[in-house]
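Structure record follows, encoded as structure tokens.
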Amino acid sequence: MAFSRTKALQSLPAGLIERLQEQFTPSEFESVLRGFAVERLPVLRLNPLVGAPQETLINLKNANVLLEKIPALPFAYLVKNRQEKFLLELPAMQQGRCLLQGLSSQLPVHFLAPKLGEKIWDMCAAPGSKTTQLAALLGENGEIIASELDQIRFQKLQNTVAIQKCQSIVRTIHADATRLAQDFPEYFAAILFDAPCSAEGRISLAEASTYGFWSQKNIVAHAKLQRRLLRAAVKALKKGGRLLYSTCTLAPEENEGIVSWALAEFSEILRHVPLRAGDFAPLIREQNNCLQILPQDKAEGFFLSAFQKK
């Protein structure tokens, strides 16, 4: 959709506008507004567990899908000429040869850097894109547990795992993460905690539902939940293990605020691991050893931070 600054300011909640103006520089604020207005390009991730990636690429090319390889992300391609509705109807998609997974969504697994043979926990796993990304990288050479509390979302997780042919690799568990952590104390070498959040980074001016629920109260509630779940993650992480924390929000209380809280709360057993943008600069900006993406045409707003248990 064409960008209208006036329309953006009139459409978004006044409280959100005020917060963003305080949080960002004037140029950054304008960039965020444009990011809310732009139509994001779809991203496909090929699935090597179902057919050879090169065969899938040929199938997509024959369907007149124009792709651009995303550097540093295995099997990830930006779609230049098709919308999601068209892509979802492709045989390659329905067969599990590929799936839609945004660039930002693929970064947590990339920066977690899973290793062959590791025990890994995807804490809030639904709808399963990151879970199956882990499975595609590790194959049978690892143990992946994917948990989800909400029943409907858990069914979506199971469905994604089935379509992507990961049932023999991923163990899905319908449970509260805090309870599950008690069953697996200091068990996991790596934990992916893509946290439930206020989702400011996914706002689209074309869809009022993406910002109609916004409130300061919602941010506070999510930050409280994130602290509770992070406690569980630390409990389940073995010594020397790695924890990747991420959100798709811009709210500092859920991003830098959670990082500061964790380092204070677990100062004796948790250390902050600096993240660097590397091949993803200038798409990603480095900030206090964390990474942040502002909403844009190639990616939704996102935040990532990494820890290691001493």
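Residues are referred to by chain and number: the chain letter is A, B, ... according to the order shown in the structure tokens, the number counts from 1 in that chain, and ligands are numbered separately from 1 in the order shown.
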request  = Using backbone DSSP assignments, extract all strand (DSSP E) residues from stretch 29-102 of chain A; output them as an NGL selection string.
outcome  = :A and (43-46 or 67-69 or 76-79 or 98-100)
Writing out the chosen residues with N, CA and C atoms as a PDB file, in the first residue's frame:
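Result file again.pdb:
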ATOM      1  N   VAL A  43       8.936 -14.867   2.081  1.00  0.00           N
ATOM      2  CA  VAL A  43      10.204 -15.594   2.114  1.00  0.00           C
ATOM      3  C   VAL A  43       9.891 -17.084   2.191  1.00  0.00           C
ATOM      4  N   LEU A  44      10.546 -17.860   1.340  1.00  0.00           N
ATOM      5  CA  LEU A  44      10.405 -19.309   1.340  1.00  0.00           C
ATOM      6  C   LEU A  44      11.636 -19.955   1.950  1.00  0.00           C
ATOM      7  N   ARG A  45      11.412 -21.012   2.725  1.00  0.00           N
ATOM      8  CA  ARG A  45      12.533 -21.837   3.195  1.00  0.00           C
ATOM      9  C   ARG A  45      12.359 -23.235   2.621  1.00  0.00           C
ATOM     10  N   LEU A  46      13.344 -23.688   1.870  1.00  0.00           N
ATOM     11  CA  LEU A  46      13.307 -25.033   1.302  1.00  0.00           C
ATOM     12  C   LEU A  46      13.511 -26.067   2.409  1.00  0.00           C
ATOM     13  N   LEU A  67      12.901 -15.960  -7.470  1.00  0.00           N
ATOM     14  CA  LEU A  67      13.519 -16.065  -6.150  1.00  0.00           C
ATOM     15  C   LEU A  67      14.855 -15.329  -6.099  1.00  0.00           C
ATOM     16  N   GLU A  68      15.162 -14.840  -4.890  1.00  0.00           N
ATOM     17  CA  GLU A  68      16.470 -14.227  -4.628  1.00  0.00           C
ATOM     18  C   GLU A  68      17.036 -14.866  -3.365  1.00  0.00           C
ATOM     19  N   LYS A  69      18.206 -15.487  -3.484  1.00  0.00           N
ATOM     20  CA  LYS A  69      18.818 -16.166  -2.339  1.00  0.00           C
ATOM     21  C   LYS A  69      19.153 -15.184  -1.240  1.00  0.00           C
ATOM     22  N   ALA A  76      16.990 -20.355   2.349  1.00  0.00           N
ATOM     23  CA  ALA A  76      16.063 -19.227   2.430  1.00  0.00           C
ATOM     24  C   ALA A  76      16.104 -18.381   1.160  1.00  0.00           C
ATOM     25  N   TYR A  77      14.908 -18.061   0.631  1.00  0.00           N
ATOM     26  CA  TYR A  77      14.805 -17.288  -0.606  1.00  0.00           C
ATOM     27  C   TYR A  77      13.706 -16.236  -0.485  1.00  0.00           C
ATOM     28  N   LEU A  78      14.030 -15.034  -0.930  1.00  0.00           N
ATOM     29  CA  LEU A  78      13.049 -13.955  -1.017  1.00  0.00           C
ATOM     30  C   LEU A  78      12.257 -14.125  -2.309  1.00  0.00           C
ATOM     31  N   VAL A  79      10.928 -14.022  -2.205  1.00  0.00           N
ATOM     32  CA  VAL A  79      10.070 -14.149  -3.384  1.00  0.00           C
ATOM     33  C   VAL A  79       9.800 -12.758  -3.936  1.00  0.00           C
ATOM     34  N   CYS A  98       8.749 -27.001   0.786  1.00  0.00           N
ATOM     35  CA  CYS A  98       9.126 -25.668   1.237  1.00  0.00           C
ATOM     36  C   CYS A  98       7.993 -25.119   2.092  1.00  0.00           C
ATOM     37  N   LEU A  99       8.252 -24.031   2.769  1.00  0.00           N
ATOM     38  CA  LEU A  99       7.219 -23.372   3.571  1.00  0.00           C
ATOM     39  C   LEU A  99       7.505 -21.890   3.655  1.00  0.00           C
ATOM     40  N   LEU A 100       6.466 -21.137   3.957  1.00  0.00           N
ATOM     41  CA  LEU A 100       6.622 -19.709   4.171  1.00  0.00           C
ATOM     42  C   LEU A 100       7.159 -19.469   5.574  1.00  0.00           C
TER      43      LEU A 100
END
A:Arg19: which residues within 12 Å, counting only C-alpha atoms, same-chain residues fewer than 6 positions away excluded, as a short mmCIF file (atom, residue, chain, number, x, y, z; two decimals) with N, CA and C atoms, in the first residue's frame?
data_model
loop_
_atom_site.label_atom_id
_atom_site.label_comp_id
_atom_site.auth_asym_id
_atom_site.auth_seq_id
_atom_site.Cartn_x
_atom_site.Cartn_y
_atom_site.Cartn_z
N LEU A 12 -2.97 4.58 13.94
CA LEU A 12 -2.33 3.90 15.07
C LEU A 12 -2.77 4.49 16.41
N PRO A 13 -2.80 3.69 17.47
CA PRO A 13 -3.15 4.20 18.80
C PRO A 13 -2.23 5.34 19.21
N THR A 25 14.84 7.93 17.24
CA THR A 25 15.18 9.24 16.68
C THR A 25 14.11 9.60 15.64
N PHE A 29 11.92 6.89 13.64
CA PHE A 29 10.46 6.89 13.80
C PHE A 29 9.77 6.88 12.43
N GLU A 200 4.50 -5.70 18.23
CA GLU A 200 4.55 -4.41 17.54
C GLU A 200 5.29 -4.50 16.21
N TRP A 214 -3.50 -3.14 20.72
CA TRP A 214 -2.34 -2.58 21.40
C TRP A 214 -2.75 -1.81 22.65
N SER A 215 -1.96 -2.00 23.73
CA SER A 215 -2.15 -1.22 24.95
C SER A 215 -0.90 -1.36 25.82
N GLN A 216 -0.69 -0.39 26.66
CA GLN A 216 0.42 -0.47 27.61
C GLN A 216 0.22 -1.66 28.55
N ILE A 219 1.53 -4.83 27.08
CA ILE A 219 2.99 -4.91 27.15
C ILE A 219 3.44 -5.38 28.52
N LEU A 250 8.72 -4.18 19.40
CA LEU A 250 9.66 -3.07 19.55
C LEU A 250 9.71 -2.58 20.99
N ALA A 251 8.82 -3.07 21.84
CA ALA A 251 8.68 -2.56 23.20
C ALA A 251 9.92 -2.85 24.05
N PRO A 252 10.58 -1.83 24.58
CA PRO A 252 11.79 -2.04 25.39
C PRO A 252 11.55 -2.91 26.61
N GLU A 253 10.35 -2.81 27.21
CA GLU A 253 10.06 -3.62 28.40
C GLU A 253 10.16 -5.11 28.12
#
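Counting only C-alpha atoms, the residue from A:Cys290, A:Cys166, A:Met123, A:Ala195 that sits nearest to A:His272 is A:Cys290.
Once A:Phe111 and its same-chain neighbours fewer than 2 positions away are set aside, Leu107, Pro108, Val109, Ala113, Pro114, Leu244, Leu275, Leu304 and Ala306 of chain A remain within 9 Å of it when counting only C-alpha atoms.
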Output for the residues just chosen: N, CA and C atoms as a PDB file, in the first residue's frame:
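To be explicit, this is the file written out as selection-v9.pdb:
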ATOM      1  N   LEU A 107      15.937 -16.039  11.895  1.00  0.00           N
ATOM      2  CA  LEU A 107      17.162 -15.591  12.564  1.00  0.00           C
ATOM      3  C   LEU A 107      17.412 -16.238  13.929  1.00  0.00           C
ATOM      4  N   PRO A 108      16.392 -16.474  14.762  1.00  0.00           N
ATOM      5  CA  PRO A 108      16.682 -17.103  16.059  1.00  0.00           C
ATOM      6  C   PRO A 108      17.422 -18.428  15.943  1.00  0.00           C
ATOM      7  N   VAL A 109      16.997 -19.296  15.037  1.00  0.00           N
ATOM      8  CA  VAL A 109      17.688 -20.572  14.858  1.00  0.00           C
ATOM      9  C   VAL A 109      19.105 -20.337  14.333  1.00  0.00           C
ATOM     10  N   ALA A 113      22.599 -21.304  16.530  1.00  0.00           N
ATOM     11  CA  ALA A 113      23.657 -22.139  15.949  1.00  0.00           C
ATOM     12  C   ALA A 113      23.636 -23.554  16.525  1.00  0.00           C
ATOM     13  N   PRO A 114      22.563 -24.307  16.256  1.00  0.00           N
ATOM     14  CA  PRO A 114      22.463 -25.671  16.786  1.00  0.00           C
ATOM     15  C   PRO A 114      23.569 -26.560  16.253  1.00  0.00           C
ATOM     16  N   LEU A 244      18.719 -18.605  23.367  1.00  0.00           N
ATOM     17  CA  LEU A 244      18.440 -17.512  22.441  1.00  0.00           C
ATOM     18  C   LEU A 244      17.059 -16.973  22.746  1.00  0.00           C
ATOM     19  N   LEU A 275      25.856 -10.529  20.315  1.00  0.00           N
ATOM     20  CA  LEU A 275      25.452 -10.918  18.974  1.00  0.00           C
ATOM     21  C   LEU A 275      25.910  -9.852  17.997  1.00  0.00           C
ATOM     22  N   LEU A 304      16.671  -9.849  19.182  1.00  0.00           N
ATOM     23  CA  LEU A 304      17.343 -11.079  19.566  1.00  0.00           C
ATOM     24  C   LEU A 304      18.436 -10.809  20.603  1.00  0.00           C
ATOM     25  N   ALA A 306      21.254 -13.253  23.271  1.00  0.00           N
ATOM     26  CA  ALA A 306      21.768 -14.592  23.567  1.00  0.00           C
ATOM     27  C   ALA A 306      22.424 -14.646  24.948  1.00  0.00           C
TER      28      ALA A 306
END
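Nearest residue to A:Pro295 among A:Asn141, A:Gln167, A:Gln182, A:Ser31 is A:Ser31, counting only C-alpha atoms.
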Between A:Ala208, A:Ala233, A:Ala52, A:Leu138, smallest distance to A:Glu186 by only C-alpha atoms belongs to A:Ala233
